[in-house]
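Enquirer: Sharing a structure, written as structure tokens. Questions coming.
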Amino acid sequence: MVNITDKIKEIEEEMRKTQKNKATEYHLGLLKGKLARLRAQLLEPGPGSGASGGSGFDVSKSGDARVALVGFPSVGKSTFLSKITKTRSEVAAYSFTTLTAIPGVLEYGGAEVQILDLPGIIEGAAEGKGRGRQVISTAKTSDLVLMVLDATKKAEQRALLEAELEAVGIRLNREPPNIYLKAKKAGGMKITFQSPPKNLDEKMIYNILRDYKMLNCEVLVRDDTATVDDLIDVIMKDHRKYIRCLYVYNKIDSVSVDFLDQLAREPHTAVMSCELDLGVQDVVDRIWKELRLIRVYTKRKGIDPDFSEALIVRSNSTIEDVCDSIHRTLKDTFKYALVWGASARHIPQRVGLGHPVADEDVVSIVAK
Ligand SMILES: Nc1nc2c(ncn2[C@@H]2O[C@H](COP(=O)(O)OP(=O)(O)OP(=O)(O)O)[C@@H](O)[C@H]2O)c(=O)[nH]1
Ligand SMILES: [K+]
Ligand SMILES: [Mg+2]
């Protein structure tokens with residue numbers, strides 16, 4: 001029996017051999033759809049998915065958010081974990097020193113962020129090489145992927161890793177495509193475009209949906225630049241995960257200043273040397289920013305706030321969200337709040353439930 005990995009290879013080979021032109025466009029679109037289905041199967045536990053199935057390492061979540069350290073072997077993932085948390089993860093000059101997921105806790109101004117040190121992955125990880133599939137499945141459970149790269153290694157490493165994560169449905173620093181798709185019980189397919197599409201047409205959408213056996217559905221393409229890949233992502237939305245990613249180049253002690261400057265200018269990128277303790281705190285601050293969380297310190301009248309314990313809410317939260325995170329019924333007795341910090345126009349500012357809070361605000365809730 002042909003296994004899934006072989007089938008994937010076959011389709012990839014066929015796509016490589018097929019010339020891209022108007023005549024082959026529909027065929028290539030269908031192949032992409034098949035490939036996406038097979039890759040999803042690869043991660044499903046069960047028959048045909050191989051011994052390790054699709055599950056990640058068995059580490060329970062803790063703290064306010066989870067960050068996964070993903071990278072090739074020996075780029076310094078464990079060195080970084082050991083530097084920023086109290087956990088010691090083995091560090092050595094040889095590849096695959098780390099063999100399982102090692103959790104550590106980053107304490108950040110009263111917030112607690114779980115940092116997961118993971119084994120190094122290699123090319124072909126998505127198809128089951130090494131512990132790759134397990135590593136990637138674990139990365140899929142994180143709120144932020146910290147892609148650790150070796151500044152002394154070739155630039156391709158980043159694209160290779162991205163391709164591995166993409167292959168299992170992780171979408172880094174991207175928003176879900178702006179395509180509305182709803183399955184129906186009957187009525188056939190209804191395809192509409194908000195404005196003339198540049199990379200899709202009705203026949204293409206029809207063919208792919210039919211291949212996915214979605215014969216009754218409604219599609220509205222809101223974005224005129226949407227592609228076949230976007231459509232497939234929307235069809236496969238249960239297998240897609242949109243995660244933020246911070247690219248971190250380690251070992252900058254071993255590259256020229258010019259090169260380092262070039263790296264640091266790339267988007268979503270930070271540079272550091274764990275060995276020389278350069279830039280490590282910047283990376284920690286960037287992690288917090290990328291998580292898009294807000295720390296709020298509560299204060300009782302006449303008592304200083306406790307900065308070792310923060311209430312964590314998502315960015316764009318209001319005083320109402322802060323109340324809800326303290327107690328479900330708190331806003332029923334809410335009269336007003338006093339706010340000190342970046343969100344306050346004067347200090348303290350007296351505000352209502354709709355007031356948006358900022359990171360590190362101090363809040364005092366006054367009840368009726
Ligand atoms: N020059 C230099 N070497 C570093 C730096 N950080 C880590 N190293 C070295 O890189 C080697 C690998 O470090 P590890 O932390 O074990 O790397 P890893 O990514 O956890 O490796 P695996 O667990 O095997 O995937 C060790 O010899 C470290 O001492 C750095 O900033 N500069
Ligand atoms: K190592
Ligand atoms: Mg390691």
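Each chain of the structure tokens is named A, B, ... in the order shown, its residues numbered from 1; ligands are numbered from 1 in display order.
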Would you mind listing what lies within 10 Å of A:Glu166 as a PyMOL selection string, with only C-alpha atoms counted and same-chain residues fewer than 6 positions away left out?

Expert: chain A and resi 126+136+160+172+240-241

Enquirer: Taking only C-alpha atoms and all ligand atoms and a cut-off of 8 Å, can you tell me which residues surround ligand 1, written as an NGL selection string?

Expert: :A and (71-80 or 89-99 or 117-121 or 148 or 250-254 or 272-277)

Enquirer: From stretch 66-167 of chain A, collect each residue whose DSSP state is alpha helix (DSSP H) and return the set as a ChimeraX atom specification.

Expert: /A:77-84,132-139,156-167

Enquirer: Keeping only N, CA and C atoms, write the selected residues as a short mmCIF file (atom, residue, chain, number, x, y, z; two decimals), in the first residue's frame.

Expert:
data_model
loop_
_atom_site.label_atom_id
_atom_site.label_comp_id
_atom_site.auth_asym_id
_atom_site.auth_seq_id
_atom_site.Cartn_x
_atom_site.Cartn_y
_atom_site.Cartn_z
N LYS A 77 18.69 27.21 21.34
CA LYS A 77 17.36 27.25 21.98
C LYS A 77 17.45 26.99 23.48
N SER A 78 18.18 25.93 23.85
CA SER A 78 18.28 25.58 25.26
C SER A 78 19.09 26.61 26.03
N THR A 79 20.11 27.16 25.38
CA THR A 79 20.91 28.21 26.01
C THR A 79 19.99 29.39 26.37
N PHE A 80 19.12 29.74 25.44
CA PHE A 80 18.19 30.86 25.64
C PHE A 80 17.21 30.57 26.79
N LEU A 81 16.63 29.36 26.78
CA LEU A 81 15.69 28.99 27.86
C LEU A 81 16.38 29.11 29.21
N SER A 82 17.60 28.58 29.29
CA SER A 82 18.31 28.59 30.57
C SER A 82 18.65 30.01 31.02
N LYS A 83 18.79 30.91 30.06
CA LYS A 83 19.11 32.30 30.39
C LYS A 83 17.91 33.06 30.91
N ILE A 84 16.74 32.82 30.34
CA ILE A 84 15.60 33.67 30.69
C ILE A 84 14.64 33.05 31.70
N GLY A 132 10.31 15.81 14.26
CA GLY A 132 9.76 17.01 13.66
C GLY A 132 8.28 17.17 13.81
N ARG A 133 7.54 16.07 13.55
CA ARG A 133 6.09 16.21 13.56
C ARG A 133 5.59 16.56 14.96
N GLN A 134 6.23 15.92 15.95
CA GLN A 134 5.86 16.20 17.34
C GLN A 134 6.19 17.65 17.72
N VAL A 135 7.37 18.10 17.26
CA VAL A 135 7.78 19.47 17.56
C VAL A 135 6.78 20.45 16.95
N ILE A 136 6.44 20.19 15.69
CA ILE A 136 5.56 21.12 15.00
C ILE A 136 4.15 21.09 15.58
N SER A 137 3.69 19.90 15.97
CA SER A 137 2.37 19.82 16.60
C SER A 137 2.35 20.61 17.90
N THR A 138 3.46 20.57 18.63
CA THR A 138 3.54 21.34 19.87
C THR A 138 3.57 22.83 19.56
N ALA A 139 4.32 23.21 18.53
CA ALA A 139 4.38 24.63 18.14
C ALA A 139 2.98 25.15 17.81
N GLU A 156 19.04 30.63 3.98
CA GLU A 156 17.92 29.73 3.60
C GLU A 156 17.27 29.06 4.80
N GLN A 157 17.98 28.98 5.94
CA GLN A 157 17.42 28.24 7.06
C GLN A 157 16.03 28.74 7.45
N ARG A 158 15.85 30.05 7.34
CA ARG A 158 14.57 30.61 7.73
C ARG A 158 13.44 30.15 6.80
N ALA A 159 13.67 30.21 5.49
CA ALA A 159 12.65 29.79 4.53
C ALA A 159 12.36 28.29 4.67
N LEU A 160 13.40 27.51 4.94
CA LEU A 160 13.21 26.06 5.10
C LEU A 160 12.30 25.75 6.28
N LEU A 161 12.57 26.43 7.39
CA LEU A 161 11.75 26.22 8.59
C LEU A 161 10.31 26.67 8.36
N GLU A 162 10.18 27.82 7.71
CA GLU A 162 8.83 28.32 7.43
C GLU A 162 8.06 27.31 6.60
N ALA A 163 8.73 26.73 5.61
CA ALA A 163 8.06 25.75 4.75
C ALA A 163 7.60 24.55 5.55
N GLU A 164 8.40 24.12 6.52
CA GLU A 164 8.02 22.97 7.36
C GLU A 164 6.76 23.30 8.17
N LEU A 165 6.71 24.50 8.72
CA LEU A 165 5.55 24.89 9.53
C LEU A 165 4.32 25.09 8.64
N GLU A 166 4.52 25.70 7.49
CA GLU A 166 3.43 25.90 6.53
C GLU A 166 2.80 24.56 6.14
N ALA A 167 3.67 23.57 5.94
CA ALA A 167 3.21 22.27 5.45
C ALA A 167 2.20 21.62 6.40
#

Enquirer: Give me, as number ranges by chain, all polymer residues having an atom no more than 7 Å from A:Gln349, counting only C-alpha atoms and skipping those fewer than 2 positions away in the same chain.

Expert: A: 338-340, 344-347, 351

Enquirer: Tell me, in Å to one decimal, how far atom CA of A:Arg295 is from atom CA of A:Leu353.

Expert: 17.2 Å

Enquirer: Closest to ligand 3 among A:Leu38, A:Leu69, A:Leu28, A:Leu260, using only C-alpha atoms and all ligand atoms?

Expert: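 Closest candidate: A:Leu69.
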
Enquirer: Counting only C-alpha atoms and all ligand atoms, which of A:Leu246, A:Tyr206, A:Val70, A:His239 gets nearest to ligand 3?

Expert: A:Val70

Enquirer: Can you list every residue in stretch 151-312 of chain A that DSSP puts in strand (DSSP E), as JSON, numbers by chain?

Expert: {"A": [170, 171, 172, 179, 180, 181, 182, 183, 189, 190, 191, 192, 193, 217, 218, 219, 220, 221, 241, 242, 243, 244, 245, 246, 247, 248, 249, 250, 269, 270, 271, 293, 294, 295, 296, 297, 298, 311, 312]}

Enquirer: Excluding stretch 304-311 of chain A and any residue of its chain fewer than 5 positions from it, enumerate the residues within 9 Å of it, using only C-alpha atoms, and give them as a list of chain:residue names.

Expert: A:Tyr108, A:Gly109, A:Gly110, A:Ala111, A:Ile294, A:Arg295, A:Val296, A:Tyr297, A:Thr298, A:Lys299, A:Val322, A:Ser325, A:Ile326, A:Glu360, A:Val362, A:Val363

Enquirer: I want to know what sits within 12 Å of A:Glu12, based on only C-alpha atoms, with residues of the same chain fewer than 3 positions away left out; could you give that as a count of residues only?

Expert: 19

Enquirer: Using only C-alpha atoms, can you tell me which of A:Thr152, A:Ser364, A:Thr225, A:Asn316 comes closest to A:Gly302?

Expert: A:Ser364

Enquirer: For a quick check of understanding, using only C-alpha atoms, which of A:Glu25, A:Ala342, A:Gly352, A:Thr333 has the smallest distance to A:Ala367?

Expert: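 Comparing A:Glu25, A:Ala342, A:Gly352, A:Thr333 against A:Ala367, the winner is A:Thr333.
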
Enquirer: Return the single residue from A:Lys237, A:Arg314, A:Arg88, A:Arg350 that is closest to ligand 3, with distances computed using only C-alpha atoms and all ligand atoms.

Expert: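 Distance minimum relative to ligand 3 lands on A:Arg88.
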
Enquirer: Counting only C-alpha atoms, figure out which residue out of A:Ala151, A:Leu30, A:Ile4, A:Ala337 gets nearest to A:Asp261.

Expert: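 Residue with the minimum atom-to-atom distance to A:Asp261: A:Ala151.
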
Enquirer: Find the residues near A:Val271: any atom within 7 Å, counting only C-alpha atoms, skip ones fewer than 2 places away on the same chain, and give them as a list in words.

Expert: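 Once the nearby chain positions are removed, what remains is Val248, Tyr249, Asn250, Ile252, Ala264, Thr269 and Gly279 of chain A.
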
Enquirer: Using only C-alpha atoms, which residues sit within 12 Å of A:Lys190 once same-chain residues fewer than 6 positions away are excluded, as a list in words?

Expert: Tyr180, Leu181, Lys182, Ala183, Lys184, Glu202, Lys203, Ile205, Tyr206, Leu209, Met214, Leu215, Asn216, Cys217, Glu218, Val219, Leu220 and Val221 of chain A
